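upload_2.cif follows (mmCIF, C-alpha atoms):
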```
data_input
#
loop_
_atom_site.label_atom_id
_atom_site.label_comp_id
_atom_site.auth_asym_id
_atom_site.auth_seq_id
_atom_site.Cartn_x
_atom_site.Cartn_y
_atom_site.Cartn_z
CA MET M 1 18.12 6.42 12.92
CA GLN M 2 19.17 9.20 10.55
CA LEU M 3 16.44 10.50 8.26
CA SER M 4 18.52 9.78 5.15
CA LYS M 5 18.80 6.10 6.12
CA ARG M 6 15.09 5.87 6.87
CA LEU M 7 14.24 7.43 3.52
CA ALA M 8 16.56 5.01 1.72
CA ALA M 9 14.83 2.12 3.49
CA GLU M 10 11.42 3.42 2.43
CA LEU M 11 12.61 3.78 -1.15
CA PHE M 12 13.97 0.23 -1.27
CA GLY M 13 10.92 -1.17 0.47
CA THR M 14 8.42 0.50 -1.86
CA PHE M 15 10.54 -0.57 -4.82
CA TRP M 16 10.17 -4.17 -3.61
CA LEU M 17 6.43 -3.80 -3.07
CA VAL M 18 5.86 -2.63 -6.65
CA LEU M 19 8.28 -5.09 -8.21
CA GLY M 20 6.93 -8.01 -6.20
CA GLY M 21 3.24 -7.15 -6.10
CA CYS M 22 2.73 -5.54 -9.50
CA GLY M 23 5.33 -7.85 -10.98
CA SER M 24 3.29 -10.88 -9.98
CA ALA M 25 0.27 -9.36 -11.74
CA VAL M 26 2.13 -8.42 -14.91
CA LEU M 27 4.43 -11.43 -15.26
CA ALA M 28 2.83 -14.35 -13.46
CA ALA M 29 -0.93 -13.86 -13.05
CA SER M 30 -1.50 -15.74 -16.31
CA PHE M 31 0.83 -17.77 -18.44
CA ASP M 32 0.44 -18.65 -22.11
CA GLY M 33 3.61 -20.67 -22.48
CA PRO M 34 4.04 -24.42 -23.06
CA VAL M 35 1.94 -25.23 -20.01
CA HIS M 36 -1.27 -23.25 -20.45
CA GLY M 37 -2.98 -22.03 -17.27
CA LEU M 38 0.14 -22.17 -15.14
CA GLY M 39 -0.40 -18.60 -13.91
CA ILE M 40 -0.89 -17.77 -10.24
CA GLY M 41 -4.20 -15.93 -10.77
CA PHE M 42 -5.47 -13.05 -8.68
CA VAL M 43 -5.23 -15.14 -5.49
CA GLY M 44 -1.51 -15.46 -6.12
CA VAL M 45 -1.25 -11.74 -6.81
CA ALA M 46 -3.01 -10.98 -3.52
CA LEU M 47 -0.57 -13.22 -1.68
CA ALA M 48 2.39 -11.62 -3.46
CA PHE M 49 1.42 -8.14 -2.24
CA GLY M 50 1.05 -9.45 1.29
CA LEU M 51 4.42 -11.16 1.11
CA THR M 52 6.20 -8.01 -0.05
CA VAL M 53 4.99 -6.15 3.04
CA LEU M 54 5.64 -9.11 5.35
CA THR M 55 9.21 -9.57 4.15
CA MET M 56 10.06 -5.87 4.17
CA ALA M 57 8.49 -5.32 7.59
CA TYR M 58 11.04 -7.73 9.03
CA ALA M 59 13.84 -6.34 6.85
CA ILE M 60 13.41 -2.59 7.39
CA GLY M 61 10.75 -2.19 10.07
CA HIS M 62 13.47 -1.44 12.63
CA ILE M 63 14.97 1.18 10.31
CA SER M 64 12.08 3.22 8.92
CA GLY M 65 8.94 1.62 10.34
CA CYS M 66 8.26 0.10 6.88
CA HIS M 67 5.42 2.37 5.80
CA LEU M 68 5.90 1.83 2.01
CA ASN M 69 2.73 3.82 1.48
CA PRO M 70 1.87 7.54 1.69
CA ALA M 71 -1.53 6.69 3.16
CA VAL M 72 0.11 4.70 5.95
CA SER M 73 2.45 7.59 6.73
CA VAL M 74 -0.50 10.01 6.81
CA GLY M 75 -2.56 7.71 9.02
CA LEU M 76 0.29 7.21 11.47
CA THR M 77 0.83 10.96 11.60
CA VAL M 78 -2.84 11.60 12.35
CA ALA M 79 -2.73 8.93 15.08
CA GLY M 80 0.29 10.59 16.69
CA ARG M 81 2.63 7.73 15.87
CA PHE M 82 4.80 9.55 13.31
CA PRO M 83 6.30 13.06 13.30
CA ALA M 84 4.64 15.43 10.83
CA ARG M 85 8.01 16.94 9.89
CA ASP M 86 9.05 13.64 8.27
CA LEU M 87 5.79 13.08 6.39
CA LEU M 88 6.64 14.79 3.08
CA PRO M 89 10.16 13.29 2.81
CA TYR M 90 8.70 9.82 3.42
CA ILE M 91 6.05 10.30 0.73
CA VAL M 92 8.64 11.52 -1.79
CA ALA M 93 10.89 8.52 -1.06
CA GLN M 94 7.95 6.11 -1.40
CA VAL M 95 6.87 7.55 -4.75
CA ILE M 96 10.42 7.45 -6.10
CA GLY M 97 10.75 3.83 -4.99
CA ALA M 98 7.45 2.95 -6.66
CA VAL M 99 8.45 4.61 -9.94
CA LEU M 100 11.82 2.84 -9.92
CA GLY M 101 10.12 -0.47 -9.20
CA ALA M 102 7.74 0.08 -12.13
CA PHE M 103 10.68 1.04 -14.34
CA VAL M 104 12.57 -2.18 -13.59
CA LEU M 105 9.37 -4.17 -14.07
CA SER M 106 8.86 -2.51 -17.47
CA LEU M 107 12.37 -3.55 -18.52
CA ILE M 108 11.62 -7.16 -17.60
CA ALA M 109 8.11 -7.26 -19.06
CA THR M 110 9.07 -5.76 -22.41
CA GLY M 111 11.69 -8.47 -22.80
CA LYS M 112 8.87 -10.77 -23.93
CA PRO M 113 8.19 -10.54 -27.69
CA GLY M 114 4.89 -8.88 -28.44
CA PHE M 115 4.32 -7.53 -24.94
CA ASP M 116 2.34 -4.26 -25.07
CA LEU M 117 2.86 -2.35 -21.84
CA VAL M 118 -0.08 0.02 -22.35
CA ALA M 119 -2.52 -2.63 -23.56
CA SER M 120 -1.61 -4.90 -20.65
CA GLY M 121 -2.67 -2.25 -18.14
CA PHE M 122 0.64 -2.85 -16.37
CA ALA M 123 -1.12 -3.57 -13.03
CA SER M 124 -2.41 0.00 -12.88
CA ASN M 125 -5.56 0.89 -10.96
CA GLY M 126 -8.80 2.17 -12.38
CA TYR M 127 -12.57 2.50 -12.24
CA GLY M 128 -15.30 2.29 -14.87
CA GLU M 129 -13.88 0.81 -18.06
CA ARG M 130 -10.47 0.47 -16.39
CA SER M 131 -11.85 -1.53 -13.45
CA PRO M 132 -11.30 -5.29 -13.85
CA GLY M 133 -14.99 -5.81 -13.05
CA HIS M 134 -16.13 -2.49 -14.57
CA TYR M 135 -17.13 -1.07 -11.18
CA SER M 136 -18.26 2.56 -11.02
CA LEU M 137 -16.30 5.52 -9.71
CA ALA M 138 -18.47 5.59 -6.57
CA ALA M 139 -17.93 1.87 -5.90
CA ALA M 140 -14.19 2.24 -6.41
CA PHE M 141 -14.01 5.26 -4.12
CA ILE M 142 -15.93 3.55 -1.32
CA CYS M 143 -13.87 0.39 -1.69
CA GLU M 144 -10.54 2.22 -1.48
CA VAL M 145 -11.61 4.33 1.52
CA VAL M 146 -12.90 1.34 3.48
CA MET M 147 -10.05 -1.02 2.61
CA THR M 148 -7.37 1.53 3.44
CA GLY M 149 -9.16 2.45 6.66
CA PHE M 150 -9.16 -1.15 7.82
CA PHE M 151 -5.54 -1.58 6.70
CA LEU M 152 -4.49 1.34 8.89
CA PHE M 153 -6.67 0.10 11.73
CA VAL M 154 -4.86 -3.26 11.65
CA ILE M 155 -1.47 -1.55 11.41
CA LEU M 156 -2.21 0.67 14.41
CA GLY M 157 -3.54 -2.25 16.42
CA ALA M 158 -0.80 -4.71 15.51
CA THR M 159 1.93 -2.18 16.36
CA ASP M 160 0.31 -1.04 19.60
CA LYS M 161 2.63 -1.49 22.58
CA ARG M 162 -0.03 -3.69 24.18
CA ALA M 163 -0.18 -6.07 21.18
CA PRO M 164 1.86 -9.32 21.13
CA ALA M 165 5.43 -8.42 20.22
CA GLY M 166 6.98 -9.62 16.97
CA PHE M 167 3.79 -10.60 15.15
CA ALA M 168 2.82 -7.26 13.60
CA PRO M 169 4.36 -7.99 10.16
CA ILE M 170 2.36 -11.20 9.88
CA ALA M 171 -0.94 -9.51 10.74
CA ILE M 172 -0.23 -6.59 8.41
CA GLY M 173 0.90 -8.79 5.51
CA LEU M 174 -2.14 -11.06 5.83
CA CYS M 175 -4.42 -8.02 6.07
CA LEU M 176 -3.05 -6.68 2.79
CA THR M 177 -3.54 -10.10 1.21
CA LEU M 178 -7.17 -10.15 2.35
CA ILE M 179 -7.72 -6.62 1.03
CA HIS M 180 -6.47 -7.69 -2.40
CA LEU M 181 -8.68 -10.77 -2.38
CA ILE M 182 -11.66 -8.47 -1.87
CA SER M 183 -10.82 -5.53 -4.08
CA ILE M 184 -8.78 -6.70 -7.07
CA PRO M 185 -12.00 -7.05 -9.11
CA VAL M 186 -13.07 -3.53 -8.14
CA THR M 187 -9.99 -1.34 -8.67
CA ASN M 188 -7.10 -3.77 -9.11
CA THR M 189 -6.43 -2.75 -5.49
CA SER M 190 -4.51 0.34 -4.60
CA VAL M 191 -4.81 1.31 -0.89
CA ASN M 192 -1.43 2.87 -1.65
CA PRO M 193 -0.98 6.08 -3.70
CA ALA M 194 2.69 5.34 -4.43
CA ARG M 195 1.90 1.84 -5.72
CA SER M 196 -0.73 3.39 -8.01
CA THR M 197 1.53 6.18 -9.25
CA GLY M 198 4.44 4.00 -10.39
CA PRO M 199 2.59 1.85 -12.97
CA ALA M 200 0.24 4.68 -14.01
CA LEU M 201 3.12 6.85 -15.17
CA PHE M 202 4.23 4.13 -17.58
CA VAL M 203 0.73 3.44 -18.91
CA GLY M 204 -0.23 7.11 -19.23
CA GLY M 205 -3.57 8.29 -20.59
CA ALA M 206 -6.61 7.23 -18.55
CA ALA M 207 -4.41 5.59 -15.92
CA VAL M 208 -2.97 9.00 -15.05
CA ASP M 209 -6.34 10.73 -15.43
CA GLN M 210 -7.86 8.42 -12.81
CA LEU M 211 -4.89 8.57 -10.47
CA TRP M 212 -6.51 11.29 -8.32
CA LEU M 213 -8.91 8.74 -6.84
CA PHE M 214 -6.07 6.50 -5.74
CA TRP M 215 -4.51 9.34 -3.81
CA LEU M 216 -7.67 10.86 -2.35
CA ALA M 217 -9.55 7.71 -1.27
CA PRO M 218 -6.66 5.88 0.46
CA ILE M 219 -5.56 9.02 2.31
CA LEU M 220 -9.14 9.70 3.43
CA GLY M 221 -9.46 6.13 4.71
CA ALA M 222 -6.13 6.45 6.52
CA VAL M 223 -7.17 9.71 8.20
CA ILE M 224 -10.41 8.12 9.42
CA ALA M 225 -8.52 5.19 10.91
CA GLY M 226 -5.90 7.53 12.38
CA VAL M 227 -8.67 9.30 14.30
CA LEU M 228 -10.79 6.24 15.12
CA TYR M 229 -8.18 3.82 16.46
CA PRO M 230 -6.73 6.07 19.19
CA ALA M 231 -10.26 7.03 20.29
CA LEU M 232 -11.24 3.37 20.53
CA ALA M 233 -8.01 1.98 21.97
CA GLU M 234 -7.26 4.66 24.55
CA SER M 235 -7.51 3.03 27.98
CA ARG M 236 -9.36 4.32 31.01
CA ASP M 237 -6.04 4.45 32.88
CA SER M 238 -4.67 6.81 30.22
CA ASN M 239 -7.68 9.06 30.65
CA SER M 240 -7.25 9.02 34.41
CA GLN M 241 -3.59 9.92 34.09
CA LYS M 242 -4.45 12.82 31.79
CA LEU M 243 -7.05 14.09 34.23
CA ALA M 244 -4.56 13.82 37.09
CA LEU M 245 -1.99 15.78 35.11
CA ASP M 246 -4.58 18.42 34.28
#
```

Now, as a test, write the supplied structure out as structure tokens.
Amino acid sequence: MQLSKRLAAELFGTFWLVLGGCGSAVLAASFDGPVHGLGIGFVGVALAFGLTVLTMAYAIGHISGCHLNPAVSVGLTVAGRFPARDLLPYIVAQVIGAVLGAFVLSLIATGKPGFDLVASGFASNGYGERSPGHYSLAAAFICEVVMTGFFLFVILGATDKRAPAGFAPIAIGLCLTLIHLISIPVTNTSVNPARSTGPALFVGGAAVDQLWLFWLAPILGAVIAGVLYPALAESRDSNSQKLALD
């Protein structure tokens, strides 16, 4: 598949992830209309993020691999599953898609009278005072490293040639749902630098100041998984074949 088509798929896919995942948090997590308490809550938000990845994995997985996440692209590159020459273009496409998704979400959200985009937090990520549960920088960093590491570990395992065919999107989508169920109270869940960047640019201020953590921690977790999974999953037969070739 041509690189331009793969990049377009990544852009559309990341757009959908931000619009669907962050949109559920901004528009539907709580509802103060005629029926009070009708909102989906953070469990619904967690499910929404998982569904965006699940649906896009089936829609564009055969086109671009459906990374939708700079950390995923980095982790796959470290694991030898993705060419390093395509890494930067993928990341640029993902960030653009995330920003466009946040832009469309802002147009929808501000259509409600009295909606304050900055005061709402706009589904941005944070630590300390910007953490939903007021978790510290250290707690947020550890959480994002570990959650992203396990996310990549599941992705690498589910897409392994020895894994059951056709079920990877389900495992990956459910994994992301579980990650959100755990970490929404800590950081509002990133595990994805592009997802964090889109909303942060519209909130500005502290959201942008804290953005460094949501690039560094997820990428570090992805690198760890990219090294660990191949070392763990490499079969004895593969080692024997390498020794024979040597």

Please enumerate the residues selected by the PyMOL selection byres ((chain M and resi 91-93) around 12) when evaluated against the supplied file, formatted as a compact mmCIF listing (two decimals) with C-alpha atoms, in the frame of the given file.
```txt
# COMPACT_ATOMS: atom_id res chain seq x y z
CA LEU M 3 16.44 10.50 8.26
CA SER M 4 18.52 9.78 5.15
CA LYS M 5 18.80 6.10 6.12
CA ARG M 6 15.09 5.87 6.87
CA LEU M 7 14.24 7.43 3.52
CA ALA M 8 16.56 5.01 1.72
CA ALA M 9 14.83 2.12 3.49
CA GLU M 10 11.42 3.42 2.43
CA LEU M 11 12.61 3.78 -1.15
CA PHE M 12 13.97 0.23 -1.27
CA GLY M 13 10.92 -1.17 0.47
CA THR M 14 8.42 0.50 -1.86
CA PHE M 15 10.54 -0.57 -4.82
CA SER M 64 12.08 3.22 8.92
CA CYS M 66 8.26 0.10 6.88
CA HIS M 67 5.42 2.37 5.80
CA LEU M 68 5.90 1.83 2.01
CA ASN M 69 2.73 3.82 1.48
CA PRO M 70 1.87 7.54 1.69
CA ALA M 71 -1.53 6.69 3.16
CA VAL M 72 0.11 4.70 5.95
CA SER M 73 2.45 7.59 6.73
CA VAL M 74 -0.50 10.01 6.81
CA ALA M 84 4.64 15.43 10.83
CA ARG M 85 8.01 16.94 9.89
CA ASP M 86 9.05 13.64 8.27
CA LEU M 87 5.79 13.08 6.39
CA LEU M 88 6.64 14.79 3.08
CA PRO M 89 10.16 13.29 2.81
CA TYR M 90 8.70 9.82 3.42
CA GLN M 94 7.95 6.11 -1.40
CA VAL M 95 6.87 7.55 -4.75
CA ILE M 96 10.42 7.45 -6.10
CA GLY M 97 10.75 3.83 -4.99
CA ALA M 98 7.45 2.95 -6.66
CA VAL M 99 8.45 4.61 -9.94
CA LEU M 100 11.82 2.84 -9.92
CA ASN M 192 -1.43 2.87 -1.65
CA PRO M 193 -0.98 6.08 -3.70
CA ALA M 194 2.69 5.34 -4.43
CA ARG M 195 1.90 1.84 -5.72
CA THR M 197 1.53 6.18 -9.25
CA TRP M 215 -4.51 9.34 -3.81
CA ILE M 219 -5.56 9.02 2.31
```

_Counting all atoms listed in the file, the option among M:Ala217, M:Leu201, M:Leu47, M:Val18 closest to M:Gly121_ = M:Leu201

Selection near stretch 208-214 of chain M, 9 Å with all atoms listed in the file, sequence-local residues under 4 positions removed, as a PDB file with C-alpha atoms, in the frame of the given file:
```
ATOM      1  CA  ASN M 125      -5.560   0.890 -10.960  1.00  0.00           C
ATOM      2  CA  GLY M 126      -8.800   2.170 -12.380  1.00  0.00           C
ATOM      3  CA  TYR M 127     -12.570   2.500 -12.240  1.00  0.00           C
ATOM      4  CA  LEU M 137     -16.300   5.520  -9.710  1.00  0.00           C
ATOM      5  CA  ALA M 140     -14.190   2.240  -6.410  1.00  0.00           C
ATOM      6  CA  PHE M 141     -14.010   5.260  -4.120  1.00  0.00           C
ATOM      7  CA  GLU M 144     -10.540   2.220  -1.480  1.00  0.00           C
ATOM      8  CA  SER M 190      -4.510   0.340  -4.600  1.00  0.00           C
ATOM      9  CA  VAL M 191      -4.810   1.310  -0.890  1.00  0.00           C
ATOM     10  CA  ASN M 192      -1.430   2.870  -1.650  1.00  0.00           C
ATOM     11  CA  PRO M 193      -0.980   6.080  -3.700  1.00  0.00           C
ATOM     12  CA  ALA M 194       2.690   5.340  -4.430  1.00  0.00           C
ATOM     13  CA  SER M 196      -0.730   3.390  -8.010  1.00  0.00           C
ATOM     14  CA  THR M 197       1.530   6.180  -9.250  1.00  0.00           C
ATOM     15  CA  ALA M 200       0.240   4.680 -14.010  1.00  0.00           C
ATOM     16  CA  LEU M 201       3.120   6.850 -15.170  1.00  0.00           C
ATOM     17  CA  VAL M 203       0.730   3.440 -18.910  1.00  0.00           C
ATOM     18  CA  GLY M 204      -0.230   7.110 -19.230  1.00  0.00           C
ATOM     19  CA  PRO M 218      -6.660   5.880   0.460  1.00  0.00           C
ATOM     20  CA  ILE M 219      -5.560   9.020   2.310  1.00  0.00           C
TER      21      ILE M 219
END
```

*If the PyMOL selection byres ((chain M and resi 45) around 12) is run on the structure shown, which residues does it catch, given as a PyMOL selection string?*
chain M and resi 17-30+39-44+46-52+123+176-185+188-189

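The shortest atom-to-atom distance to M:Ile155, with all atoms listed in the file taken into account, belongs to M:Tyr229 out of M:Tyr229, M:Ser136, M:Phe115, M:Leu220.
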
*atom CA of M:Cys143 and atom CA of M:Pro83, how far apart in Å?*
28.1 Å

*Pick from M:Arg81, M:Ala139, M:Val146, M:Gly198: nearest to M:Ile224, with all atoms listed in the file counted?*
M:Val146

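When the PyMOL selection byres ((chain M and resi 57) around 9) is evaluated against the file, it yields Gly13, Thr52, Val53, Leu54, Thr55, Met56, Tyr58, Ala59, Ile60, Gly61, His62, Gly65, Cys66, His67, Ala168, Pro169, Ile170, Ile172 and Gly173 of chain M.
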
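With all atoms listed in the file taken into account, the protein and nucleic acid residues at most 12 Å from M:Leu232 (excluding it and anything under 3 positions from it in its own chain) are Ala79, Phe153, Leu156, Gly157, Ala225, Gly226, Val227, Leu228, Tyr229, Ser235 and Arg236 of chain M.
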
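Put simply, atom CA of M:Ala207 is 14.3 Å away from atom CA of M:His134.
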
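Counting from atom CA of M:Leu117, the distance to atom CA of M:Val104 is 12.7 Å.
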
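Minimum atom-to-atom distance to M:Val145, evaluated using only C-alpha atoms, belongs to M:Thr187 out of M:Ser131, M:Ser106, M:Ser120, M:Thr187.
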